[in-house]
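Following: one structure in structure tokens, then a few remarks.
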Amino acid sequence: MSNKNSNNKELIVAKIDNGVVIDHITPPGRAFYALKVLKIDEKYPHSAFVALNVPSKKLGRKDVLKIRNIDEKDLNIEVLGLIISGSNVAYIKDYHIVKKEKIITPKKATGILNCPSSTCITNQREDVETQFVVITSKDVIKLRCEYCDIIFNIHERISLLR
Amino acid sequence: MVSHRKLSTSHIIGIREMSEEDIQKILDYAKEMKNNPFEYSERLNGKILALAFWEPSTRTRLSFESAMLRLGGRTIGFSSQAGTSLEKGESLTDTIIMLAGYSDGIVIRHPLRGSAKLAANVAERYGIPIISGGSGSQEHPTQALLDIFTINERFNRLSGLNIGLIGDLRYSRTISSLLFALSKFGRNRISLFSHPSLGLQEELHYYLTNTNLELIQAKNLAESISELDVLYVTRLQKERFPDPMLYNEVKGIYQLRTALLNSAKPELIILHPLPRVDEIPYEIDKSNHALYFEQAKNGVYVRMSILDFLIGS
């Protein structure tokens with residue numbers, strides 16, 4: 001992929017042979033959250049490229065992620081919808097895009113994260129699955145626990161994701 | 001006699017999720033029951049109500065018990081964890097499944113938020129209604145219903161009222177439920193008198209946005225009392241204060257004084273979910289403004305109404 005920055009100098013990030021490209025991540029900086037959710041760190045056995053604050057005609061600034069050899073089943077689109085909603089995922093095989101998908105914010109989140117409230121019944125040893133209603137306002141994604149009613153910003157509580 | 005129609009819900013978990021219509025039905029039926037309590041003395045013959053109280057309670061537990069007895073039913077239950085399997089670590093889920101097999105309805109009081117909803121999800125599978133008697137700091141729906149029953153009984157309306165809330169507004173589940181209830185009945189003006197550390201939970205502001213409630217952070221009760229129709233007093237809970245010195249410092253600010261009532265409207269009513277400690281001195285009990293014991297008594301009729309709706313055939 002190549003992008004022209006504001007000085008008209010080319011920024012070149014190598015094409016990947018297999019894996020995914022997640023583009024149009026906004027606001028800039030959210031790529032880090034995605035990496036965390038996808039558990040991509042120095043222990044990941046393949047290359048991952050992170051482009052931050054990339055100029056974009058449409059979006060102003062955006063982030064781009066390229067992750068080699070990540071399995072489709074390891075991309076939890078529902079979880080990513082809470083973190084990098086509005087971005088696009090392109091699945092790459094032998095340097096070709098085989099599938100594209102837009103990440104959208106889910107209306108609800110069931111069983112994919114813990115409630116941050118220590119006084120919520122879902123944090124006890126009970127036969128219960130957590131349930132949250134998603135409340136969005138511009139770039140802010142908040143969740144409301146269907147059990148205890150607490151409302152929180154998901155980007156401030158990223159470690160709650162399972 | 002108003003016809004005894006069904007509610008649209010099988011459980012009473014919180015006021016926030018209740019419809020205005022269901023609330024009105026409960027109040028109307030409670031009024032009938034208060035006027036002619038003996039007409040209903042066989043409504044729940046042969047039925048058993050389980051009172052599952054993980055936390056201490058006097059009024060809620062005893063008024064539910066009284067309500068069930070007045071309807072001809074019987075009660076079983078526990079009022080603390082001591083001496084039960086709860087001490088051995090039995091879960092809420094398992095306890096509810098067990099009680100669903102022993103009873104026709106379950107009242108639950110539990111220290112954690114979300115407990116009533118979980119109990120309802122579990123009991124739903126067995127067709128048994130759950131009634132919340134308080135779920136942590138979240139809601140205390142039947143208290144709010146008896147509160148608005150008392151307000152309506154005095155003013156014959158639940159809108160266009162100036163209501164002052166004083167004390168601990170943050171950890172009081174009663175306050176949350178009362179605000180949800182009032183928000184369903186047209187325009188009301190709510191003045192909040194509280195220490196900054198005990199203001200309304202942030203979530204409440206979110207839930208009450210776009211309702212008809214006008215919330216005002218008031219400064220001084222002495223200046224505002226002349227405008228109030230209802231003054232709802234809650235107990236300052238010493239254990240909620242990070243510093244005991246701070247508690248001693250602020251508790252005086254939230255104590256009612258007889259002299260304060262000199263500038264109140266004659267029709268002002270003072271309500272309190274009880275128990276009180278020293279926020280209302282005994283001398284105020286004799287004033288015409290004091291309605292908190294009548295309010296507590298109304299708890300029996302409101303709970304009779306709820307029990308008949310949910311358990312009666």
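In the structure tokens, the first chain shown is A, the next is B, and so on; residue numbers restart at 1 for each chain, and ligands run from 1 in the order shown.
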Q: For chain A, work out the contacting residues on chain B at 12 Å, counting only C-alpha atoms, and write them as a VMD selection string.
A: chain B and resid 13 to 14 16 to 17 89 to 97 110 to 122 135 to 139 176 201 to 207
Q) Could you name the residues that touch Ala31 in chain A at 12 Å or less, counting only C-alpha atoms, but leaving out those on the same chain fewer than 5 positions away, as a PyMOL selection string? A) chain A and resi 21-26+36-38+40+48-54+62-67+80+83-85+87+155
Q: Would you please give, as a list of chain:residue names, all residues of range 3-162 of chain A that DSSP assigns to alpha helix (DSSP H) based on the backbone?
A: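 The residues of range 3-162 of chain A classed as alpha helix (DSSP H) are A:Arg30, A:Ala31, A:Phe32, A:Tyr33, A:Ala34, A:Leu35, A:Lys36, A:Val37, A:Ile77, A:Glu78, A:Val79, A:Leu80, A:Gly81, A:Leu82, A:Ile83.
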Please save N, CA and C atoms of the selected residues as a tab-separated table (two decimals), in the first residue's frame.
```tsv
chain	number	residue	atom	x	y	z
A	30	ARG	N	-6.65	4.67	17.69
A	30	ARG	CA	-7.47	3.49	18.05
A	30	ARG	C	-6.85	2.18	17.57
A	31	ALA	N	-5.86	2.27	16.65
A	31	ALA	CA	-5.20	1.05	16.18
A	31	ALA	C	-4.56	0.31	17.36
A	32	PHE	N	-4.07	1.07	18.34
A	32	PHE	CA	-3.46	0.42	19.51
A	32	PHE	C	-4.47	-0.42	20.27
A	33	TYR	N	-5.69	0.11	20.38
A	33	TYR	CA	-6.74	-0.65	21.06
A	33	TYR	C	-7.03	-1.96	20.31
A	34	ALA	N	-7.06	-1.83	18.97
A	34	ALA	CA	-7.34	-3.02	18.15
A	34	ALA	C	-6.25	-4.06	18.35
A	35	LEU	N	-4.99	-3.60	18.40
A	35	LEU	CA	-3.89	-4.55	18.60
A	35	LEU	C	-4.05	-5.28	19.93
A	36	LYS	N	-4.44	-4.53	20.91
A	36	LYS	CA	-4.61	-5.12	22.24
A	36	LYS	C	-5.71	-6.18	22.23
A	37	VAL	N	-6.83	-5.81	21.60
A	37	VAL	CA	-7.96	-6.74	21.54
A	37	VAL	C	-7.59	-8.00	20.75
A	77	ILE	N	-15.14	-9.85	15.03
A	77	ILE	CA	-15.68	-8.62	14.43
A	77	ILE	C	-16.62	-7.92	15.40
A	78	GLU	N	-17.35	-8.70	16.21
A	78	GLU	CA	-18.27	-8.10	17.18
A	78	GLU	C	-17.49	-7.26	18.20
A	79	VAL	N	-16.38	-7.81	18.67
A	79	VAL	CA	-15.55	-7.07	19.63
A	79	VAL	C	-14.92	-5.86	18.96
A	80	LEU	N	-14.41	-6.05	17.73
A	80	LEU	CA	-13.80	-4.91	17.01
A	80	LEU	C	-14.83	-3.81	16.76
A	81	GLY	N	-16.09	-4.19	16.64
A	81	GLY	CA	-17.15	-3.20	16.44
A	81	GLY	C	-17.28	-2.25	17.63
A	82	LEU	N	-16.85	-2.71	18.78
A	82	LEU	CA	-16.88	-1.84	19.98
A	82	LEU	C	-15.66	-0.93	20.03
A	83	ILE	N	-14.61	-1.29	19.28
A	83	ILE	CA	-13.32	-0.62	19.42
A	83	ILE	C	-12.98	0.27	18.23
```
Q | Surrounding residues of Pro141 in chain B excluding itself and chain neighbours under 3 positions, 10 Å, only C-alpha atoms, as a list in words | A | Ile12, Ile13, Gly14, Ile15, Arg16, Met18, Ile131, Ser132, Gly133, Gly134, Ser135, Gln138, Ala144, Leu145, Leu146, Asp147, Arg173, Thr174, Ile175, Ser176, Ser177, Leu178, Phe180 and Ala181 of chain B
Q.
When you count only C-alpha atoms, which of these residues is closest to Asn18 in chain A: A:Arg68, A:Lys39, A:Lys99, A:Lys73?
A.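 Among A:Arg68, A:Lys39, A:Lys99, A:Lys73, it is A:Arg68 that comes nearest to Asn18 in chain A.
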Q.
If you run DSSP on the backbone here, which positions in chain A get strand (DSSP E or B)? Please write them as an MDAnalysis selection string.
A. chainID A and resid 2:4 10:12 19:25 48:56 60:68 88:93 96:102 108:110 113 120 131:137 140:145 151:153 161
Would you mind exporting the chosen residues as an mmCIF file, in the first residue's frame, restricted to C-alpha atoms?
```
data_model
loop_
_atom_site.group_PDB
_atom_site.id
_atom_site.type_symbol
_atom_site.label_atom_id
_atom_site.label_comp_id
_atom_site.auth_asym_id
_atom_site.auth_seq_id
_atom_site.Cartn_x
_atom_site.Cartn_y
_atom_site.Cartn_z
ATOM 1 C CA SER A 2 1.209 3.494 -0.598
ATOM 2 C CA ASN A 3 -0.115 6.781 0.678
ATOM 3 C CA LYS A 4 0.994 10.304 -0.051
ATOM 4 C CA GLU A 10 5.666 8.557 -0.462
ATOM 5 C CA LEU A 11 5.110 6.470 2.603
ATOM 6 C CA ILE A 12 5.430 2.881 1.579
ATOM 7 C CA GLY A 19 -3.531 -11.813 6.447
ATOM 8 C CA VAL A 20 -5.706 -8.763 6.933
ATOM 9 C CA VAL A 21 -5.553 -5.038 6.307
ATOM 10 C CA ILE A 22 -7.710 -2.937 8.584
ATOM 11 C CA ASP A 23 -8.087 0.513 7.082
ATOM 12 C CA HIS A 24 -9.968 3.704 7.948
ATOM 13 C CA ILE A 25 -9.450 3.370 11.694
ATOM 14 C CA ALA A 48 2.308 -6.614 11.939
ATOM 15 C CA PHE A 49 2.453 -3.072 10.595
ATOM 16 C CA VAL A 50 0.885 -0.121 12.327
ATOM 17 C CA ALA A 51 0.452 3.180 10.505
ATOM 18 C CA LEU A 52 -0.703 6.020 12.729
ATOM 19 C CA ASN A 53 -2.071 9.416 11.783
ATOM 20 C CA VAL A 54 -2.073 8.682 8.086
ATOM 21 C CA PRO A 55 -3.510 11.610 6.082
ATOM 22 C CA SER A 56 -6.802 10.746 4.464
ATOM 23 C CA GLY A 60 -8.580 13.739 7.836
ATOM 24 C CA ARG A 61 -6.346 11.355 9.756
ATOM 25 C CA LYS A 62 -6.665 7.639 10.206
ATOM 26 C CA ASP A 63 -4.779 4.552 11.329
ATOM 27 C CA VAL A 64 -4.072 1.460 9.246
ATOM 28 C CA LEU A 65 -3.165 -2.018 10.455
ATOM 29 C CA LYS A 66 -1.655 -4.808 8.397
ATOM 30 C CA ILE A 67 -1.332 -8.123 10.135
ATOM 31 C CA ARG A 68 0.276 -11.082 8.447
ATOM 32 C CA ASN A 88 -12.815 -1.717 6.860
ATOM 33 C CA VAL A 89 -11.231 -5.151 6.922
ATOM 34 C CA ALA A 90 -9.728 -6.642 3.781
ATOM 35 C CA TYR A 91 -8.780 -10.324 3.895
ATOM 36 C CA ILE A 92 -5.672 -11.006 1.814
ATOM 37 C CA LYS A 93 -4.648 -14.273 0.212
ATOM 38 C CA HIS A 96 -5.149 -10.484 -3.422
ATOM 39 C CA ILE A 97 -8.182 -9.254 -1.549
ATOM 40 C CA VAL A 98 -10.516 -12.220 -1.204
ATOM 41 C CA LYS A 99 -13.121 -10.577 1.030
ATOM 42 C CA LYS A 100 -14.006 -7.151 2.409
ATOM 43 C CA GLU A 101 -15.992 -6.336 5.478
ATOM 44 C CA LYS A 102 -17.046 -3.126 7.197
ATOM 45 C CA LYS A 108 -25.696 -5.193 22.075
ATOM 46 C CA ALA A 109 -22.680 -7.000 23.502
ATOM 47 C CA THR A 110 -23.383 -10.359 25.085
ATOM 48 C CA LEU A 113 -16.697 -8.609 28.323
ATOM 49 C CA CYS A 120 -22.723 -6.152 39.829
ATOM 50 C CA GLN A 131 -25.284 -8.240 28.609
ATOM 51 C CA PHE A 132 -24.600 -4.662 27.569
ATOM 52 C CA VAL A 133 -26.496 -2.164 25.470
ATOM 53 C CA VAL A 134 -24.259 -0.053 23.234
ATOM 54 C CA ILE A 135 -24.727 3.703 23.375
ATOM 55 C CA THR A 136 -22.844 5.673 20.729
ATOM 56 C CA SER A 137 -22.283 9.363 20.372
ATOM 57 C CA VAL A 140 -17.478 7.697 21.913
ATOM 58 C CA ILE A 141 -18.777 4.206 22.511
ATOM 59 C CA LYS A 142 -20.354 3.590 25.868
ATOM 60 C CA LEU A 143 -21.892 0.434 27.222
ATOM 61 C CA ARG A 144 -24.708 0.064 29.695
ATOM 62 C CA CYS A 145 -24.836 -3.098 31.799
ATOM 63 C CA ILE A 151 -22.553 3.122 32.000
ATOM 64 C CA PHE A 152 -18.891 3.246 30.948
ATOM 65 C CA ASN A 153 -16.651 4.201 28.052
ATOM 66 C CA LEU A 161 -12.877 -7.563 27.041
#
```
Q: Would you mind reading off the distance between CA of Arg303 in chain B and CA of Phe64 in chain B, one decimal, in Å?
A: 6.1 Å
Q: May I ask for the distance between CA of Glu32 in chain B and CA of Asn288 in chain B, given in Å to one decimal place?
A: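 Pair CA of Glu32 in chain B / CA of Asn288 in chain B returns 24.5 Å.
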Q. What is the CA of Ser79 in chain B-CA of Ser103 in chain B distance in Å, reported with one decimal?
A.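 Computing the Euclidean distance for CA of Ser79 in chain B and CA of Ser103 in chain B yields 16.2 Å.
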Q.
Which residues are close to Arg187 in chain B, i.e. within 6 Å by only C-alpha atoms, leaving aside same-chain residues fewer than 4 positions away? Reply as a PyMOL selection string.
A. chain B and resi 159-160+212-213
Written file, previous selection with C-alpha atoms, as a PDB file, in the first residue's frame:
```pdb
ATOM      1  CA  SER B 159     -47.339  15.974  38.325  1.00  0.00           C
ATOM      2  CA  GLY B 160     -46.793  19.679  38.761  1.00  0.00           C
ATOM      3  CA  ASN B 212     -40.181  15.678  32.223  1.00  0.00           C
ATOM      4  CA  LEU B 213     -38.240  15.942  35.475  1.00  0.00           C
TER       5      LEU B 213
END
```
Q: Tell me which of B:Ser80, B:Ser10, B:Gln217, B:Ser305 sits closest to Gly164 in chain B, counting only C-alpha atoms.
A: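 Using only C-alpha atoms, the shortest distance to Gly164 in chain B belongs to B:Gln217.
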